[in-house]
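Novice: Contents are compact mmCIF, C-alpha atoms and all ligand atoms; file name protein_15.txt:
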# COMPACT_ATOMS: atom_id res chain seq x y z
CA MET H 1 79.56 121.43 104.08
CA VAL H 2 82.58 119.18 103.85
CA THR H 3 84.25 118.37 100.55
CA HIS H 4 86.02 115.09 100.04
CA HIS H 5 88.34 114.29 97.17
CA LEU H 6 89.48 110.69 96.92
CA THR H 7 92.28 109.46 94.67
CA ARG H 8 92.46 105.68 94.49
CA ILE H 9 95.43 104.15 92.69
CA PHE H 10 96.15 100.61 91.52
CA TYR H 11 99.90 100.65 90.89
CA PRO H 12 101.63 98.68 88.10
CA VAL H 13 103.87 96.49 90.26
CA GLY H 14 103.35 93.22 88.35
CA GLN H 15 102.68 89.98 90.24
CA GLY H 16 101.67 91.35 93.62
CA GLY H 17 99.60 94.23 94.89
CA PHE H 18 100.03 97.85 95.87
CA TYR H 19 96.92 99.98 96.20
CA SER H 20 96.51 103.37 97.81
CA GLU H 21 93.80 105.84 98.66
CA GLN H 22 94.42 109.47 99.42
CA HIS H 23 91.48 111.20 101.04
CA ASN H 24 91.71 114.99 100.83
CA LEU H 25 89.25 116.79 103.03
CA THR H 26 88.43 120.39 103.73
CA GLU H 27 90.69 122.03 106.31
CA ASN H 28 93.73 120.75 104.37
CA LYS H 29 93.39 117.39 105.96
CA SER H 30 94.85 114.53 103.99
CA LEU H 31 94.69 110.85 104.92
CA ASN H 32 96.65 108.05 103.28
CA ILE H 33 95.61 104.41 103.17
CA VAL H 34 97.57 101.53 101.66
CA TYR H 35 96.36 97.98 100.99
CA ASP H 36 99.20 95.51 100.39
CA CYS H 37 102.65 96.51 99.22
CA GLY H 38 104.60 93.86 97.39
CA ALA H 39 105.63 92.23 94.17
CA MET H 40 107.40 89.12 93.03
CA PRO H 41 109.98 89.69 91.72
CA LEU H 42 110.77 92.80 93.72
CA THR H 43 112.59 94.85 91.09
CA ASN H 44 114.16 98.30 91.31
CA LYS H 45 111.34 99.49 89.10
CA VAL H 46 108.86 98.36 91.75
CA ARG H 47 110.91 100.02 94.49
CA ASN H 48 110.86 103.25 92.48
CA ILE H 49 107.07 103.10 92.16
CA ILE H 50 106.84 102.95 95.96
CA ARG H 51 109.42 105.75 96.31
CA ASN H 52 107.48 108.00 93.93
CA SER H 53 104.13 107.37 95.55
CA PHE H 54 104.93 108.90 98.94
CA SER H 55 107.44 111.36 100.35
CA GLN H 56 109.00 112.14 103.72
CA LYS H 57 106.15 114.61 104.26
CA ASP H 58 103.54 111.86 104.11
CA ASP H 59 102.20 109.78 106.93
CA ILE H 60 100.45 106.53 106.10
CA ASP H 61 97.45 106.59 108.42
CA ALA H 62 96.69 102.92 107.90
CA LEU H 63 98.44 100.07 106.12
CA PHE H 64 96.22 97.01 105.66
CA ILE H 65 97.99 93.75 104.84
CA SER H 66 95.77 91.06 103.29
CA HIS H 67 98.10 88.19 104.16
CA LEU H 68 101.77 87.49 104.62
CA ASP H 69 102.69 86.17 101.19
CA TYR H 70 105.87 87.54 99.68
CA ASP H 71 104.14 89.11 96.66
CA HIS H 72 101.90 91.17 98.96
CA VAL H 73 104.49 92.40 101.47
CA SER H 74 107.93 92.41 99.81
CA ALA H 75 108.03 96.18 99.18
CA ILE H 76 106.97 97.18 102.70
CA PRO H 77 110.58 97.96 103.77
CA THR H 78 110.72 100.54 100.95
CA LEU H 79 107.40 102.01 102.07
CA VAL H 80 108.73 102.26 105.64
CA GLN H 81 111.77 104.16 104.30
CA VAL H 82 109.94 106.65 102.10
CA ALA H 83 107.01 107.62 104.29
CA ASN H 84 107.45 109.87 107.29
CA LYS H 85 105.71 107.29 109.42
CA ILE H 86 103.23 104.46 109.22
CA LYS H 87 100.84 105.14 112.04
CA LYS H 88 98.80 101.94 112.11
CA VAL H 89 99.24 98.52 110.53
CA PHE H 90 96.25 96.14 110.32
CA LEU H 91 97.27 92.50 110.16
CA PRO H 92 95.32 89.25 110.13
CA LEU H 93 95.72 87.60 113.55
CA LEU H 94 97.67 84.35 113.11
CA THR H 95 97.79 81.27 115.32
CA PRO H 96 101.20 79.97 116.51
CA CYS H 97 100.94 77.02 114.05
CA GLN H 98 100.27 79.35 111.13
CA LYS H 99 103.30 81.45 112.05
CA ILE H 100 105.52 78.40 112.32
CA LEU H 101 104.41 77.03 108.94
CA LEU H 102 105.03 80.38 107.20
CA THR H 103 108.42 80.75 108.90
CA ASN H 104 109.52 77.28 107.85
CA ILE H 105 108.39 77.62 104.27
CA TYR H 106 109.61 81.11 103.49
CA ARG H 107 113.02 80.22 104.84
CA VAL H 108 113.28 77.54 102.17
CA LEU H 109 111.66 79.32 99.27
CA ASN H 110 114.04 82.07 98.43
CA ASP H 111 116.91 84.14 99.78
CA ASN H 112 114.82 87.24 99.20
CA PHE H 113 112.67 86.28 102.15
CA LEU H 114 115.68 86.66 104.41
CA GLU H 115 116.60 89.98 102.84
CA LEU H 116 113.12 91.24 103.60
CA ASN H 117 113.41 90.12 107.21
CA PHE H 118 110.24 88.23 106.60
CA ILE H 119 110.65 86.02 109.65
CA GLU H 120 110.51 89.15 111.82
CA LEU H 121 107.43 90.43 110.00
CA ILE H 122 105.60 87.17 110.72
CA ASN H 123 106.73 86.68 114.30
CA ASN H 124 107.45 90.12 115.59
CA PRO H 125 105.75 92.86 113.54
CA GLU H 126 106.31 95.46 116.26
CA THR H 127 110.05 95.14 115.91
CA PHE H 128 109.78 95.01 112.12
CA PHE H 129 107.88 98.31 111.90
CA GLY H 130 109.48 100.11 114.85
CA THR H 131 108.10 101.99 117.80
CA GLU H 132 106.25 104.68 115.82
CA THR H 133 103.83 102.14 114.40
CA GLU H 134 100.92 100.54 116.22
CA ILE H 135 99.86 97.05 115.18
CA ILE H 136 96.18 96.14 115.21
CA TYR H 137 95.11 92.52 114.65
CA ILE H 138 91.93 91.42 112.91
CA GLU H 139 90.52 88.26 114.42
CA PRO H 140 89.88 85.41 111.96
CA GLU H 141 86.33 84.51 110.99
CA GLU H 142 85.61 81.05 109.68
CA ASP H 143 81.83 80.96 109.87
CA ILE H 144 80.52 83.39 107.28
CA SER H 145 76.91 82.62 108.18
CA ASN H 146 77.45 84.96 111.13
CA GLY H 147 77.47 87.84 108.62
CA LEU H 148 79.05 91.14 109.54
CA PRO H 149 78.70 92.31 113.15
CA SER H 150 76.40 95.28 113.49
CA SER H 151 78.25 97.83 115.48
CA THR H 152 78.91 101.53 115.41
CA PRO H 153 82.21 102.60 113.81
CA VAL H 154 85.26 102.82 116.04
CA ASP H 155 87.51 105.83 115.71
CA ILE H 156 90.91 104.73 114.37
CA TYR H 157 92.67 106.88 116.96
CA SER H 158 91.02 104.93 119.76
CA LEU H 159 92.72 101.73 118.59
CA LYS H 160 95.92 100.99 120.48
CA ASN H 161 98.98 98.88 119.81
CA ASN H 162 98.25 95.12 120.03
CA ASP H 163 94.48 95.59 120.02
CA LYS H 164 92.51 92.75 118.50
CA ILE H 165 89.27 93.60 116.73
CA ARG H 166 86.53 91.47 115.21
CA SER H 167 86.32 90.82 111.51
CA GLY H 168 83.77 93.13 109.96
CA SER H 169 84.27 95.94 112.50
CA LYS H 170 83.81 99.42 111.08
CA ILE H 171 86.73 101.79 111.39
CA ARG H 172 86.38 105.52 110.91
CA LEU H 173 89.34 107.76 110.12
CA TYR H 174 87.60 111.05 110.26
CA THR H 175 84.34 111.94 111.92
CA ASN H 176 82.86 114.48 109.50
CA ILE H 177 82.67 112.24 106.46
CA ASN H 178 80.56 109.23 105.65
CA TRP H 179 83.42 106.85 104.99
CA ILE H 180 84.48 103.71 106.79
CA PHE H 181 86.95 100.86 106.46
CA VAL H 182 85.79 97.32 107.16
CA PRO H 183 88.54 94.67 107.33
CA TYR H 184 87.50 91.02 107.32
CA ASN H 185 90.03 88.27 108.01
CA PHE H 186 88.57 85.18 106.36
CA LEU H 187 90.06 81.91 107.58
CA ASP H 188 90.30 79.17 104.97
CA LYS H 189 91.73 76.03 106.59
CA ASN H 190 91.43 74.20 103.30
CA ARG H 191 94.58 75.93 102.07
CA SER H 192 97.00 74.20 104.42
CA LYS H 193 95.20 70.90 103.75
CA GLN H 194 95.73 71.30 100.00
CA PHE H 195 99.38 72.10 100.63
CA THR H 196 99.72 68.97 102.79
CA LYS H 197 98.16 66.92 99.97
CA GLN H 198 100.63 68.37 97.47
CA LEU H 199 103.52 67.46 99.76
CA GLU H 200 102.28 63.88 100.13
CA ALA H 201 101.64 63.51 96.39
CA ARG H 202 105.23 64.56 95.70
CA GLY H 203 106.63 62.00 98.13
CA PHE H 204 107.46 64.26 101.06
CA ASP H 205 107.76 62.02 104.13
CA LYS H 206 104.26 62.00 105.64
CA LYS H 207 105.42 61.69 109.24
CA ASP H 208 107.55 64.83 108.87
CA ILE H 209 104.68 67.07 107.76
CA PRO H 210 103.43 67.91 111.30
CA SER H 211 106.90 69.25 112.13
CA LEU H 212 106.38 72.00 109.55
CA PHE H 213 103.54 73.26 111.75
CA LYS H 214 105.11 72.61 115.16
CA ASP H 215 108.87 73.08 115.05
CA GLU H 216 109.84 76.61 114.08
CA ASN H 217 113.44 75.54 113.45
CA TYR H 218 112.49 72.54 111.35
CA THR H 219 113.79 73.98 108.08
CA ILE H 220 117.04 75.06 109.78
CA THR H 221 117.91 71.95 111.75
CA LYS H 222 116.06 69.00 110.16
CA LEU H 223 115.05 69.75 106.60
CA ILE H 224 118.52 70.29 105.19
CA ASN H 225 118.43 67.77 102.38
CA GLN H 226 118.28 69.70 99.07
CA ASN H 227 115.88 67.21 97.55
CA SER H 228 113.30 67.54 100.35
CA ARG H 229 113.66 71.30 100.20
CA LYS H 230 112.89 71.14 96.48
CA LEU H 231 109.78 69.04 97.21
CA LEU H 232 108.62 71.80 99.51
CA LYS H 233 109.19 74.43 96.81
CA ASP H 234 107.35 72.33 94.21
CA ALA H 235 104.40 71.76 96.53
CA TYR H 236 104.25 75.53 97.14
CA LYS H 237 104.12 76.10 93.41
CA GLY H 238 101.52 73.32 93.07
CA VAL H 239 99.05 75.34 95.14
CA GLU H 240 99.91 78.54 93.22
CA GLY H 241 101.67 79.94 96.26
CA THR H 242 98.57 79.93 98.44
CA ILE H 243 99.36 78.15 101.66
CA ASN H 244 98.24 81.09 103.67
CA GLU H 245 94.98 80.36 105.47
CA ASN H 246 94.25 84.03 106.08
CA SER H 247 92.91 86.47 103.57
CA MET H 248 92.00 89.89 104.85
CA LEU H 249 89.51 91.73 102.71
CA LEU H 250 88.87 95.41 103.07
CA TYR H 251 85.78 97.41 102.25
CA SER H 252 86.50 101.11 101.83
CA GLY H 253 83.44 103.24 101.22
CA PRO H 254 80.38 104.92 102.64
CA GLU H 255 78.65 103.49 105.66
CA SER H 256 75.11 102.33 104.91
CA SER H 257 73.07 105.48 105.13
CA GLN H 258 70.47 103.97 107.48
CA ASN H 259 73.06 103.92 110.20
CA SER H 260 74.71 107.16 109.34
CA ASP H 261 73.72 110.62 110.43
CA LEU H 262 75.65 112.06 107.48
CA LYS H 263 74.21 112.19 104.00
CA TYR H 264 76.49 112.54 101.06
CA ASP H 265 75.98 113.96 97.61
CA LEU H 266 78.21 112.78 94.84
CA CYS H 267 79.18 115.42 92.37
CA ASP H 268 79.16 113.81 88.98
CA SER H 269 82.85 114.38 88.53
CA GLY H 270 84.50 111.04 89.02
CA LEU H 271 87.34 110.32 86.63
CA CYS H 272 89.04 107.18 85.56
CA THR H 273 92.34 107.07 83.74
CA CYS H 274 91.75 103.81 81.96
CA VAL H 275 90.63 103.98 78.37
CA ASN H 276 88.00 101.27 78.24
CA CYS H 277 85.56 102.46 80.86
CA ASP H 278 84.34 105.91 79.86
CA PHE H 279 80.78 104.61 80.23
CA LEU H 280 81.00 104.62 83.97
CA SER H 281 81.97 107.23 86.47
CA PRO H 282 83.41 105.79 89.69
CA SER H 283 81.71 108.52 91.67
CA LYS H 284 78.34 106.79 91.39
CA GLN H 285 79.60 103.91 93.48
CA PRO H 286 82.72 105.15 95.25
CA GLY H 287 83.22 102.11 97.48
CA CYS H 288 85.87 99.49 96.79
CA LEU H 289 86.31 95.95 97.98
CA TYR H 290 89.93 94.82 98.17
CA THR H 291 90.23 91.04 98.21
CA GLY H 292 93.93 90.00 98.39
CA ASP H 293 94.32 86.37 97.35
CA LEU H 294 90.87 85.28 98.48
CA ASP H 295 89.24 82.12 97.09
CA LEU H 296 85.81 83.22 95.82
CA ASN H 297 84.59 79.61 96.04
CA LYS H 298 84.86 79.81 99.81
CA LEU H 299 83.49 83.26 100.50
CA PRO H 300 80.44 84.72 98.73
CA ILE H 301 81.67 88.31 98.89
CA SER H 302 78.58 90.07 97.58
CA GLU H 303 76.41 88.24 100.14
CA LEU H 304 78.72 88.96 103.04
CA PHE H 305 79.09 92.65 102.13
CA GLU H 306 75.46 92.95 101.05
CA GLN H 307 74.77 96.05 103.12
CA TYR H 308 77.48 97.87 101.13
CA ASN H 309 76.74 96.44 97.67
CA ARG H 310 75.04 99.54 96.36
CA TYR H 311 78.12 101.62 97.11
CA ILE H 312 80.63 99.17 95.65
CA GLY H 313 81.77 100.14 92.15
CA THR H 314 85.17 98.46 92.29
CA VAL H 315 86.13 94.95 93.35
CA GLN H 316 89.72 93.79 93.08
CA LEU H 317 89.80 90.43 91.31
CA PRO H 318 91.38 88.16 93.94
CA HIS H 319 94.48 86.03 93.58
CA HIS H 320 95.77 87.75 90.42
CA GLY H 321 92.85 86.37 88.39
CA SER H 322 93.54 82.72 89.17
CA ARG H 323 90.98 80.35 87.66
CA LEU H 324 91.08 78.20 90.82
CA SER H 325 90.04 81.10 93.06
CA PHE H 326 87.24 82.32 90.80
CA GLU H 327 83.51 81.72 91.18
CA PRO H 328 81.22 83.50 88.68
CA ASN H 329 78.30 83.83 91.12
CA ALA H 330 80.47 85.81 93.54
CA PHE H 331 79.88 88.95 91.47
CA HIS H 332 76.18 88.60 90.75
CA ASN H 333 74.79 90.75 93.53
CA PHE H 334 76.98 93.73 92.74
CA GLY H 335 75.75 96.44 90.38
CA SER H 336 75.94 95.50 86.73
CA LYS H 337 78.64 98.09 86.06
CA LEU H 338 81.69 97.17 88.03
CA PHE H 339 85.41 97.87 87.78
CA VAL H 340 87.40 94.71 88.40
CA PRO H 341 91.12 95.55 88.60
CA VAL H 342 93.47 92.57 88.52
CA SER H 343 97.19 92.72 89.37
CA PHE H 344 99.55 90.25 87.76
CA GLY H 345 103.06 89.95 86.33
CA SER H 346 103.04 89.50 82.57
CA ARG H 347 105.62 86.71 82.87
CA ASN H 348 104.17 84.89 85.89
CA SER H 349 104.37 81.10 85.70
CA TYR H 350 100.87 80.46 87.07
CA GLY H 351 98.95 81.64 84.01
CA HIS H 352 97.38 84.55 85.93
CA PRO H 353 95.00 85.99 85.04
CA ALA H 354 93.01 83.13 83.50
CA LEU H 355 91.63 84.11 80.11
CA CYS H 356 88.32 82.37 80.88
CA VAL H 357 87.91 84.54 84.00
CA ILE H 358 88.54 87.77 82.09
CA ASN H 359 86.24 86.69 79.26
CA TYR H 360 83.52 85.75 81.72
CA LEU H 361 83.67 89.15 83.45
CA THR H 362 83.59 90.99 80.14
CA SER H 363 80.64 88.97 78.82
CA ASP H 364 78.86 89.67 82.12
CA GLY H 365 79.17 93.43 81.53
CA LYS H 366 81.92 94.02 84.09
CA SER H 367 85.07 96.00 83.32
CA PRO H 368 88.18 94.01 84.08
CA LEU H 369 91.19 96.36 84.36
CA LEU H 370 94.45 94.54 83.69
CA ILE H 371 97.36 95.89 85.72
CA ASN H 372 100.81 94.45 85.15
CA GLU H 373 104.28 95.98 85.37
CA ASN H 374 103.77 98.34 82.44
CA GLU H 375 103.44 101.93 83.55
CA ALA H 376 100.50 102.54 81.22
CA SER H 377 98.44 99.93 83.05
CA LYS H 378 98.28 102.01 86.24
CA ILE H 379 94.68 102.83 87.19
CA GLU H 380 93.77 106.03 88.93
CA HIS H 381 90.26 106.86 90.07
CA GLU H 382 89.40 110.38 91.16
CA ILE H 383 86.20 110.83 93.10
CA PHE H 384 84.84 114.13 94.39
CA PHE H 385 81.95 114.54 96.73
CA THR H 386 80.42 116.80 99.30
CA TYR H 387 78.69 116.05 102.56
CA ASN H 388 75.71 118.01 103.78
CA GLU H 389 75.70 118.09 107.53
ZN ZN H 401 98.93 84.94 98.45
ZN ZN H 402 99.34 86.96 95.66
Go ahead and express the file in the form of structure tokens.
Ligand SMILES: [Zn+2]
Ligand SMILES: [Zn+2]

Specialist:
Amino acid sequence: MVTHHLTRIFYPVGQGGFYSEQHNLTENKSLNIVYDCGAMPLTNKVRNIIRNSFSQKDDIDALFISHLDYDHVSAIPTLVQVANKIKKVFLPLLTPCQKILLTNIYRVLNDNFLELNFIELINNPETFFGTETEIIYIEPEEDISNGLPSSTPVDIYSLKNNDKIRSGSKIRLYTNINWIFVPYNFLDKNRSKQFTKQLEARGFDKKDIPSLFKDENYTITKLINQNSRKLLKDAYKGVEGTINENSMLLYSGPESSQNSDLKYDLCDSGLCTCVNCDFLSPSKQPGCLYTGDLDLNKLPISELFEQYNRYIGTVQLPHHGSRLSFEPNAFHNFGSKLFVPVSFGSRNSYGHPALCVINYLTSDGKSPLLINENEASKIEHEIFFTYNE
């Protein structure tokens, strides 16, 4: 019999995201997973949260990055410093045009992007993370009607630096437990189109727009006029900071039991630290779907992840609870009791999370968990279970 103790934490970093899972297994084996690591603004308080979450004794077995927006990656340099090593980083695979657009825009947005060495993270992640870290790319998927590929789980240790794997592939960290990770890099081309529209509406010279996608030095050599740079910043704000076409979701939970030779029993001893959800133990449905800044109008998550729905008890509310990225039907196929953590900064200028979204979830019987920069809003789920071999 193998025992498995999972601690899943949603940290109070404000506008951004920093989520971790520690899997403690028999034989003193401990595995650490992180999904996103950033906040805007990146304060010392946020840096201290990262510093206190891991120590020099800890390896991060896998860091999954939903997308390369500042608020999801800005604290990664701190994570690199505090952990002993980050063994594997899973990134959405970007096209050259996507990299050039991000490079051009982040250079203009804010000096902090330079401090973070963001340009290196986009263009040269191997150098950014160093030689101890292997980078694995998740191929984009645009056509969701393909569903998830049916394949047997790959062992994380068989993945090598620069490998590219299909969206929806199952990754296993440890063979003796029924637990997999399924990253899915959803490609939403509409996002760069909306950004282009914003630029045009604000009077940005139409014929210059393609250069943002083609000339990686455009915002160094050509776009030097302060007024045009401001137009770019305003357009970025106009789309609530979502120009990024990639959004990598992550399912973390049991593999569907039909395919698995391992059966698991959940002890009824799940715990949740939040006050408003004592009616539900997370151990009944230990799986979690992390969603980054996904637009729920574009991807019906509960249909795509249907085979895992009965294990999913937690779904991160995407895009900090933005009204524009919400679609009520997206949650209908999940169990009626569902934790829906949402990360946001209490002083963000976008109005995240939208009150109508939170009210809708509550009236639908879900449990939205509001996580901002206040320490008391941290959510910690403890789940214990045993596997019978
Ligand atoms: Zn984003
Ligand atoms: Zn975000």

Novice: Step by step, measure atom-to-atom distances between ligand ZN 402 (chain H) and each residue using only C-alpha atoms and all ligand atoms, keep those at most 7 Å, then write them as a PyMOL selection string.

Specialist: chain H and resi 16+69+71-72+292-293+319-320

Novice: Just want the residues within 12 Å of ligand ZN 401 (chain H), written as a PDB file with C-alpha atoms, in the frame of the given file, counting all atoms listed in the file.

Specialist:
ATOM      1  CA  GLN H  15     102.680  89.980  90.240  1.00  0.00           C
ATOM      2  CA  GLY H  16     101.670  91.350  93.620  1.00  0.00           C
ATOM      3  CA  GLY H  17      99.600  94.230  94.890  1.00  0.00           C
ATOM      4  CA  ASP H  36      99.200  95.510 100.390  1.00  0.00           C
ATOM      5  CA  GLY H  38     104.600  93.860  97.390  1.00  0.00           C
ATOM      6  CA  ALA H  39     105.630  92.230  94.170  1.00  0.00           C
ATOM      7  CA  MET H  40     107.400  89.120  93.030  1.00  0.00           C
ATOM      8  CA  ILE H  65      97.990  93.750 104.840  1.00  0.00           C
ATOM      9  CA  SER H  66      95.770  91.060 103.290  1.00  0.00           C
ATOM     10  CA  HIS H  67      98.100  88.190 104.160  1.00  0.00           C
ATOM     11  CA  LEU H  68     101.770  87.490 104.620  1.00  0.00           C
ATOM     12  CA  ASP H  69     102.690  86.170 101.190  1.00  0.00           C
ATOM     13  CA  TYR H  70     105.870  87.540  99.680  1.00  0.00           C
ATOM     14  CA  ASP H  71     104.140  89.110  96.660  1.00  0.00           C
ATOM     15  CA  HIS H  72     101.900  91.170  98.960  1.00  0.00           C
ATOM     16  CA  VAL H  73     104.490  92.400 101.470  1.00  0.00           C
ATOM     17  CA  SER H  74     107.930  92.410  99.810  1.00  0.00           C
ATOM     18  CA  LEU H 102     105.030  80.380 107.200  1.00  0.00           C
ATOM     19  CA  ARG H 191      94.580  75.930 102.070  1.00  0.00           C
ATOM     20  CA  TYR H 236     104.250  75.530  97.140  1.00  0.00           C
ATOM     21  CA  LYS H 237     104.120  76.100  93.410  1.00  0.00           C
ATOM     22  CA  VAL H 239      99.050  75.340  95.140  1.00  0.00           C
ATOM     23  CA  GLU H 240      99.910  78.540  93.220  1.00  0.00           C
ATOM     24  CA  GLY H 241     101.670  79.940  96.260  1.00  0.00           C
ATOM     25  CA  THR H 242      98.570  79.930  98.440  1.00  0.00           C
ATOM     26  CA  ILE H 243      99.360  78.150 101.660  1.00  0.00           C
ATOM     27  CA  ASN H 244      98.240  81.090 103.670  1.00  0.00           C
ATOM     28  CA  GLU H 245      94.980  80.360 105.470  1.00  0.00           C
ATOM     29  CA  ASN H 246      94.250  84.030 106.080  1.00  0.00           C
ATOM     30  CA  SER H 247      92.910  86.470 103.570  1.00  0.00           C
ATOM     31  CA  MET H 248      92.000  89.890 104.850  1.00  0.00           C
ATOM     32  CA  THR H 291      90.230  91.040  98.210  1.00  0.00           C
ATOM     33  CA  GLY H 292      93.930  90.000  98.390  1.00  0.00           C
ATOM     34  CA  ASP H 293      94.320  86.370  97.350  1.00  0.00           C
ATOM     35  CA  LEU H 294      90.870  85.280  98.480  1.00  0.00           C
ATOM     36  CA  ASP H 295      89.240  82.120  97.090  1.00  0.00           C
ATOM     37  CA  PRO H 318      91.380  88.160  93.940  1.00  0.00           C
ATOM     38  CA  HIS H 319      94.480  86.030  93.580  1.00  0.00           C
ATOM     39  CA  HIS H 320      95.770  87.750  90.420  1.00  0.00           C
ATOM     40  CA  GLY H 321      92.850  86.370  88.390  1.00  0.00           C
ATOM     41  CA  SER H 322      93.540  82.720  89.170  1.00  0.00           C
ATOM     42  CA  SER H 325      90.040  81.100  93.060  1.00  0.00           C
ATOM     43  CA  PHE H 344      99.550  90.250  87.760  1.00  0.00           C
TER      44      PHE H 344
END

Novice: Considering only C-alpha atoms, state which residue in the set H:Leu289, H:Ile301, H:Ile379, H:Leu42 is at the smallest distance from Thr314 in chain H.

Specialist: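 Ranked by minimum distance to Thr314 in chain H, first place goes to H:Leu289.
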
Novice: Taking into account all atoms listed in the file, which residue in the set H:Gly147, H:Pro153, H:Gly365, H:Gly130 is nearest to Lys85 in chain H?

Specialist: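 Checking each of H:Gly147, H:Pro153, H:Gly365, H:Gly130 against Lys85 in chain H, counting all atoms listed in the file, the winner is H:Gly130.
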
Novice: Considering only C-alpha atoms, can you say which of H:Thr43, H:Asn104, H:Leu232, H:Gly335 comes closest to Asn217 in chain H?

Specialist: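 Using only C-alpha atoms, Asn217 in chain H sits closest to H:Asn104.
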
Novice: Measure the distance from CA of Asp58 in chain H to CA of Ala75 in chain H in Å and round it to one decimal.

Specialist: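 Between these atoms lies a distance of 17.0 Å.
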
Novice: From (93.5, 106.9, 107.3), in the file's coordinates, out to 12 Å: which residues are reached, counting all atoms listed in the file? Answer as JSON, numbers by chain.

Specialist: {"H": [6, 20, 21, 22, 23, 24, 25, 29, 30, 31, 32, 33, 34, 35, 58, 59, 60, 61, 62, 63, 64, 86, 87, 88, 89, 90, 155, 156, 157, 171, 172, 173, 174, 175, 179, 180, 181, 252]}

Novice: Do you know which residues lie at most 12 Å from (116.3, 68.3, 105.4), with coordinates as in the file and all atoms listed in the file counted, and could you write them as a ChimeraX atom specification?

Specialist: /H:104,108,204-205,208-209,211-212,217-232

Novice: One decimal, in Å: what's the spacing between CA of Leu249 in chain H and CA of Arg8 in chain H?

Specialist: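 Computing it gives 16.5 Å between the two atoms.
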
Novice: Quick one, how far is CA of Leu159 in chain H from CA of Tyr11 in chain H?

Specialist: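 Computing it gives 28.6 Å between the two atoms.
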
Novice: As a PDB file with C-alpha atoms, keeping the file's coordinate frame, please: the residues near Lys378 in chain H (cut-off 9 Å, all atoms listed in the file, same-chain neighbours under 4 positions excluded).

Specialist:
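New file result38.pdb:
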ATOM      1  CA  ILE H   9      95.430 104.150  92.690  1.00  0.00           C
ATOM      2  CA  PHE H  10      96.150 100.610  91.520  1.00  0.00           C
ATOM      3  CA  TYR H  11      99.900 100.650  90.890  1.00  0.00           C
ATOM      4  CA  PRO H  12     101.630  98.680  88.100  1.00  0.00           C
ATOM      5  CA  VAL H  13     103.870  96.490  90.260  1.00  0.00           C
ATOM      6  CA  THR H 273      92.340 107.070  83.740  1.00  0.00           C
ATOM      7  CA  CYS H 274      91.750 103.810  81.960  1.00  0.00           C
ATOM      8  CA  LEU H 370      94.450  94.540  83.690  1.00  0.00           C
ATOM      9  CA  ILE H 371      97.360  95.890  85.720  1.00  0.00           C
ATOM     10  CA  ASN H 372     100.810  94.450  85.150  1.00  0.00           C
ATOM     11  CA  GLU H 373     104.280  95.980  85.370  1.00  0.00           C
ATOM     12  CA  ASN H 374     103.770  98.340  82.440  1.00  0.00           C
TER      13      ASN H 374
END

Novice: Could you check the closest approach to Ser158 in chain H for each of H:Ser145, H:Val357, H:Glu134, H:Phe118 and tell me which residue wins, using all atoms listed in the file?

Specialist: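 Smallest separation from Ser158 in chain H among the options: H:Glu134.
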
Novice: Nearest residue to Lys366 in chain H out of H:Ser302, H:Ser336, H:Asn123, H:Thr133, using all atoms listed in the file?

Specialist: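 Result for the nearest residue to Lys366 in chain H: H:Ser336.
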
Novice: For a quick check of understanding, using only C-alpha atoms, which of H:Asn124, H:Ser192, H:Asn28, H:Gln198 has the smallest distance to Asn162 in chain H?

Specialist: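 Closest to Asn162 in chain H, using only C-alpha atoms: H:Asn124.
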
Novice: Please fill the gaps in range 340-348 of chain H so it has N, CA and C atoms, and write that as a short mmCIF file (atom, residue, chain, number, x, y, z; two decimals), keeping the file's coordinate frame.

Specialist:
data_model
loop_
_atom_site.label_atom_id
_atom_site.label_comp_id
_atom_site.auth_asym_id
_atom_site.auth_seq_id
_atom_site.Cartn_x
_atom_site.Cartn_y
_atom_site.Cartn_z
N VAL H 340 86.77 95.87 87.77
CA VAL H 340 87.40 94.71 88.40
C VAL H 340 88.91 94.72 88.10
N PRO H 341 89.67 95.51 88.85
CA PRO H 341 91.12 95.55 88.60
C PRO H 341 91.78 94.23 89.00
N VAL H 342 92.73 93.80 88.19
CA VAL H 342 93.47 92.57 88.52
C VAL H 342 94.96 92.82 88.34
N SER H 343 95.73 92.52 89.40
CA SER H 343 97.19 92.72 89.37
C SER H 343 97.89 91.42 89.06
N PHE H 344 98.80 91.47 88.11
CA PHE H 344 99.55 90.25 87.76
C PHE H 344 100.85 90.65 87.06
N GLY H 345 101.82 89.74 87.07
CA GLY H 345 103.06 89.95 86.33
C GLY H 345 102.91 89.32 84.96
N SER H 346 103.32 90.03 83.91
CA SER H 346 103.04 89.50 82.57
C SER H 346 103.83 88.22 82.29
N ARG H 347 104.88 87.96 83.09
CA ARG H 347 105.62 86.71 82.87
C ARG H 347 105.45 85.72 84.02
N ASN H 348 104.34 85.82 84.76
CA ASN H 348 104.17 84.89 85.89
C ASN H 348 103.96 83.47 85.36
#
